[in-house]
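> Sharing a structure here in structure tokens format.
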Amino acid sequence: MESAARARRAVAQVTAALAIMLPAARAAAIPVFARIYNKPCSACHTVYPQLNPAGEAFRAHGLHGIKPAIQPIAIAPYFDIPGTLPAALSFAFGEDVTATSFPGQPDTTVSHFNFNFLSLLFGGELGPYFAFMADYAPVFTVPQTGEVQTSTRPGIAFLQGHAEPCDTLANLYVGLFELPLGQSPRVHRLTVRPYLIYNITAFGLLGQAPPVRSSSTDSLVLSSAQIGSEIIWLDPDGGWQAATGIDTGSNNRIDNNSSADVFIRVGQELPDRRAGLFLYYAPDTLGAGAYDQALRLGPDLMLTSRRTRLALQFLAGWDSNPTGQHDDLWYYGGFAEGSFRFTAALIGLLRFDAVGMAPFDNHTAGGTVEVNRRLWEVTSGLQYLIEENLKVVAEVTYSENHESVSDVTASGVSATLRITTAFWPLTPPVLSRWLGPDAALAHPE
Amino acid sequence: MMRVLLGIGCLLLAMRAAAASTVSGAAIVDGKPVPDAVVYLEAAAAAPVTTGGHATMDQRNLQFVPKVLPVVRGTTVEFTNGDDIQHNVFSPSSAVRKFDLGAYGPGAARSVQFDEPGEVLVLCNIHMEMEAHILVLRDPYFAMTARDGSYRITDVPPGQYTAKLWRGSFLPDTHTVDVPDTPDFVLNLRMGPADAGQ
């Protein structure tokens, strides 16, 4: 406890020092890709990490298509490595407040400083046909408690192959990657708050631990990166797209069962609109002979203009055996997210998430679970770019969790005020003031 | 022989009468020279629309280049993508010409012809910070002002004109000027309250 308190004090001191210097910080567009290609973040991001259509096009071209400002080093025919350390640091810190209200219990409000995360980002081309990307957050804080934790697992880590057969774009991902959902569930998400429908599981809705103990952290969560392989085809003229793949369905863990999951998303992606249909099937999410099949299915739509972006997602979920009593569960939900850019540096967002379920009662099968739950939340926020790679985020969420069998409604308000940045380790935003604007591109010739 | 010489003399006089003038000077608003503005002259009678004119607006380093492009009506403007990332070009200016050229990649170009005079706001819906203006002018007598506010309009036939200024928007002040039948004519445009009465 004492060491944790000491760590928090140290972080707070560093934060205070940084906060004093922040107004003097200058532009330092030096996360990995911005530095390699000598482009401002806004070339490919609206407000980082959210991608704009140019960023989506860069991704569709297998992280290729822009002439590197830092020339790669040729290793073998068709295989180069970046001409610089292809790494960046990203971290966020701030104050989080969580207030909860639960019938029969006193209301609680917890407010604390958070070192939200410290993350290492890697990425770059490996010659004309390959690329890679990874992020790893060794340290993060649990928002609700302020408890600092460490992690040994990367967030994403994949090798990407790219080819352009018959005037189409084809990308093959191998490793740990995001599922091709309507919205990027973790890497390029604008909001701090995770999407409810991507994050929920049948076990969470039922308020029950999985019947197989070891699967409590390994059961399919769509918002987590998955280990496997994915191939995406894109017709650049019409924007038609198909993505399909196979993965373990155990999030960023190896596997808790012997089955492989499959997924597919078909759709059309144009600069101003995107629509698709996603299907995920897991023969078993539990392992150990419990056999809980899972299905996720739903459409998505996104409309974009210069200032606005509207994203809609609907998903239906089905688990065949979430309690081990062989009673299935259907649930459904989605979100509507709108964002508006007041200026190039200020963006506002509003999101409504909701999840509901078909009434579940397994008493006739010998079980003890009877649940009918509705979850919804509203998230509103503002993000302001102090510099293109340094932003202030303010976000508030009101949430309700109503269980109609016991007629209990829990509610909560959570708010965060944080500073987020991503930068080249040798020239963080504050130091770049003294090192000069060209320091960001400094590299050995 | 005398008749021939007389004829040549009359022809020279007539040519001199039709010779164009170079109008130059400085644009001054509120007592200060105005850089990056457009000075333009409108003749008493509008000239017929002539097509075939061509101008280029590039997209380079996430900026439109130039940021202000004056053209005479009938001109076709080519929007090139000189960057190595995708761009879009569109305009919400329905009063003159509303258009959306869609998104296109490096090296590509798309064109629009402007036949109606007015101001066209040009935007990229991928990169919000990109913004430019095309001024579609009725007559071909215009020039951008330099850093010191100076300008130079060539080939202005003698006659009466209304001199106007665009600086972020069309300014309401106008000056009526008679461009004389001389090679050079100095016209300092003074506008704004500080220059009232000058």
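Ligands are numbered from 1 in the order shown, chains are lettered A, B, ... in the order of the structure tokens, and residues start at 1 in each chain.
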Would you return as a PyMOL selection string the members of range 21-135 of chain A that DSSP assigns to strand (DSSP E or B) on this structure's backbone?
chain A and resi 45+51+73-76+79-81+87-101+108-125+130-135
> Selected residues, N, CA and C atoms, written as a compact mmCIF listing (two decimals), in the first residue's frame, please.

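The result, stored in part22.txt:
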```
# COMPACT_ATOMS: atom_id res chain seq x y z
N HIS A 45 -5.56 11.37 -39.32
CA HIS A 45 -6.46 11.30 -38.17
C HIS A 45 -7.38 12.52 -38.16
N LEU A 51 -9.28 7.61 -37.19
CA LEU A 51 -8.76 7.79 -38.55
C LEU A 51 -9.74 8.59 -39.40
N ILE A 73 15.69 0.64 -44.64
CA ILE A 73 16.96 -0.06 -44.85
C ILE A 73 16.65 -1.40 -45.51
N ALA A 74 17.25 -1.61 -46.69
CA ALA A 74 16.99 -2.86 -47.42
C ALA A 74 17.74 -4.00 -46.74
N ILE A 75 17.02 -5.07 -46.48
CA ILE A 75 17.60 -6.25 -45.84
C ILE A 75 17.72 -7.40 -46.83
N ALA A 76 16.69 -7.56 -47.63
CA ALA A 76 16.64 -8.64 -48.62
C ALA A 76 15.70 -8.17 -49.72
N PHE A 79 12.21 -6.93 -48.94
CA PHE A 79 12.08 -6.86 -47.48
C PHE A 79 13.00 -5.76 -46.94
N ASP A 80 12.39 -4.74 -46.37
CA ASP A 80 13.11 -3.63 -45.75
C ASP A 80 12.71 -3.56 -44.28
N ILE A 81 13.52 -2.81 -43.55
CA ILE A 81 13.09 -2.45 -42.19
C ILE A 81 13.09 -0.92 -42.10
N ALA A 87 9.08 3.37 -33.21
CA ALA A 87 8.39 3.29 -31.91
C ALA A 87 7.92 4.67 -31.48
N ALA A 88 6.92 4.67 -30.64
CA ALA A 88 6.44 5.90 -30.01
C ALA A 88 5.92 5.55 -28.63
N LEU A 89 5.87 6.55 -27.81
CA LEU A 89 5.29 6.39 -26.48
C LEU A 89 3.94 7.08 -26.44
N SER A 90 3.04 6.51 -25.73
CA SER A 90 1.75 7.17 -25.54
C SER A 90 1.36 7.02 -24.08
N PHE A 91 0.88 8.08 -23.50
CA PHE A 91 0.36 7.93 -22.15
C PHE A 91 -0.76 8.92 -21.89
N ALA A 92 -1.53 8.62 -20.89
CA ALA A 92 -2.64 9.48 -20.49
C ALA A 92 -2.69 9.54 -18.97
N PHE A 93 -3.00 10.70 -18.47
CA PHE A 93 -3.14 10.83 -17.03
C PHE A 93 -4.19 11.90 -16.74
N GLY A 94 -4.79 11.82 -15.58
CA GLY A 94 -5.80 12.80 -15.23
C GLY A 94 -6.56 12.40 -13.99
N GLU A 95 -7.72 12.97 -13.87
CA GLU A 95 -8.55 12.75 -12.69
C GLU A 95 -9.82 12.02 -13.11
N ASP A 96 -10.15 10.98 -12.36
CA ASP A 96 -11.37 10.23 -12.64
C ASP A 96 -12.31 10.32 -11.44
N VAL A 97 -13.58 10.43 -11.72
CA VAL A 97 -14.59 10.45 -10.66
C VAL A 97 -15.65 9.40 -11.01
N THR A 98 -15.99 8.59 -10.04
CA THR A 98 -17.03 7.58 -10.26
C THR A 98 -18.02 7.65 -9.10
N ALA A 99 -19.27 7.87 -9.44
CA ALA A 99 -20.34 7.89 -8.42
C ALA A 99 -21.32 6.77 -8.74
N THR A 100 -21.65 5.98 -7.75
CA THR A 100 -22.57 4.85 -7.99
C THR A 100 -23.72 4.88 -7.00
N SER A 101 -24.84 4.41 -7.48
CA SER A 101 -26.02 4.35 -6.63
C SER A 101 -26.65 2.97 -6.81
N THR A 108 -21.99 5.99 -3.30
CA THR A 108 -20.54 6.19 -3.14
C THR A 108 -20.02 7.08 -4.26
N THR A 109 -19.02 7.87 -3.92
CA THR A 109 -18.32 8.67 -4.92
C THR A 109 -16.83 8.51 -4.68
N VAL A 110 -16.13 8.09 -5.70
CA VAL A 110 -14.68 7.91 -5.61
C VAL A 110 -14.02 8.83 -6.62
N SER A 111 -13.08 9.62 -6.14
CA SER A 111 -12.36 10.53 -7.03
C SER A 111 -10.87 10.33 -6.80
N HIS A 112 -10.13 10.18 -7.86
CA HIS A 112 -8.70 9.95 -7.69
C HIS A 112 -7.92 10.30 -8.95
N PHE A 113 -6.66 10.57 -8.73
CA PHE A 113 -5.75 10.78 -9.86
C PHE A 113 -5.52 9.45 -10.55
N ASN A 114 -5.48 9.47 -11.88
CA ASN A 114 -5.23 8.25 -12.63
C ASN A 114 -4.07 8.45 -13.59
N PHE A 115 -3.12 7.55 -13.53
CA PHE A 115 -2.18 7.43 -14.63
C PHE A 115 -2.80 6.36 -15.53
N ASN A 116 -3.62 6.84 -16.49
CA ASN A 116 -4.52 5.92 -17.19
C ASN A 116 -3.78 4.79 -17.89
N PHE A 117 -2.75 5.17 -18.63
CA PHE A 117 -1.95 4.12 -19.24
C PHE A 117 -0.63 4.69 -19.73
N LEU A 118 0.32 3.82 -19.83
CA LEU A 118 1.59 4.11 -20.51
C LEU A 118 1.73 3.03 -21.57
N SER A 119 1.84 3.44 -22.80
CA SER A 119 1.80 2.46 -23.88
C SER A 119 2.96 2.68 -24.85
N LEU A 120 3.47 1.60 -25.36
CA LEU A 120 4.48 1.64 -26.41
C LEU A 120 3.81 1.29 -27.73
N LEU A 121 4.06 2.09 -28.74
CA LEU A 121 3.47 1.85 -30.05
C LEU A 121 4.58 1.53 -31.04
N PHE A 122 4.33 0.56 -31.87
CA PHE A 122 5.30 0.20 -32.91
C PHE A 122 4.55 0.06 -34.23
N GLY A 123 5.24 0.34 -35.32
CA GLY A 123 4.61 0.12 -36.62
C GLY A 123 5.47 0.61 -37.75
N GLY A 124 5.22 0.06 -38.92
CA GLY A 124 5.94 0.53 -40.10
C GLY A 124 5.91 -0.48 -41.22
N GLU A 125 6.42 -0.05 -42.35
CA GLU A 125 6.50 -0.93 -43.52
C GLU A 125 7.69 -1.87 -43.37
N PHE A 130 4.90 -6.06 -46.90
CA PHE A 130 4.65 -6.39 -45.50
C PHE A 130 4.70 -5.13 -44.63
N ALA A 131 4.03 -5.23 -43.51
CA ALA A 131 4.05 -4.16 -42.51
C ALA A 131 3.75 -4.79 -41.17
N PHE A 132 3.93 -4.00 -40.13
CA PHE A 132 3.62 -4.53 -38.80
C PHE A 132 3.11 -3.41 -37.92
N MET A 133 2.42 -3.79 -36.89
CA MET A 133 1.92 -2.81 -35.93
C MET A 133 1.72 -3.51 -34.58
N ALA A 134 2.02 -2.79 -33.52
CA ALA A 134 1.86 -3.36 -32.18
C ALA A 134 1.68 -2.24 -31.17
N ASP A 135 0.95 -2.53 -30.13
CA ASP A 135 0.98 -1.65 -28.97
C ASP A 135 0.97 -2.49 -27.71
```
> Residues of chain A near chain B: apply a cut-off of 7 Å, count only C-alpha atoms, and supply the list as JSON, numbers by chain.
{"A": [42, 43, 52, 53, 54, 66, 271, 305, 306, 344]}
> With distances taken over only C-alpha atoms, which residue among A:Glu388, A:Gly182, A:Tyr280, A:Ala170 lies nearest Met302 in chain A?
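Checking each candidate against Met302 in chain A, we get A:Gly182 as the closest.
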> Taking only C-alpha atoms into account, name the residue in A:Asn199, A:Ser399, A:Thr379, A:Thr323 that is nearest to Ala336 in chain A.
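Counting only C-alpha atoms, the residue closest to Ala336 in chain A is A:Thr379.
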